[in-house]
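These notes are about the structure you will find just below.
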Amino acid sequence: MAILLAAEVARRISGTEFPAFMEQAVFRPLEMKHSALGLGRFPLAATMRCQAENAAPESGAGDPTAREWDWNSPYWRRLGAPWGGVHASALDLARFLRRVPSS
């Protein structure tokens, strides 16, 4: 719940929806050119699948309709949930991790 609250606080203070806020406050300053919260400007086909077929019971365990609603479905991939909906290239992830302060 804390990340949802933080996203809402950022939205209210900035006056910008959270995906756009992430683009302006995180991705651009770090020169992360292949990252977005949700799909952003990227087509679904340009991303890697985030769950292997039949990897979890909620995927439908082999049900042919599972592709319509599992973590790889267009709905979840476009959602860009603040709790883990960022799509990023390996290089962009490295750029982000280089900037994270170590404790």
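In the structure tokens, chains take the letters A, B, ... in the order shown, each chain's residues start at 1, and ligands count up from 1 in the order shown.
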
Open item on the list: Using only C-alpha atoms, which protein or nucleic acid residues come within 12 Å of segment 7-15 of chain A? Drop anything in the same chain fewer than 3 positions from it, and give the result as a list in words.
Closed with: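 Answer for this query is Met1, Ala2, Ile3, Leu4, Phe18, Pro19, Ala20, Phe21, Met22, Gln24, Ala25, Leu37, Gly80, Ala81, Pro82, Trp83 and Gly84 of chain A.
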
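The closest residue to Arg28 of chain A, picked from A:Gly85, A:Thr47, A:Asp92, A:Arg98 and counting only C-alpha atoms, is A:Asp92.
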
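With distances restricted to only C-alpha atoms, A:Leu93 is the closest residue to Phe27 of chain A from A:Pro43, A:Ala6, A:Leu93, A:Pro101.
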
- [ ] Using atom CA of Ala45 of chain A and atom CA of Val100 of chain A as the two end points, give the distance in Å to one decimal.
- [x]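 Atom CA of Val100 of chain A lies at a distance of 29.4 Å from atom CA of Ala45 of chain A.
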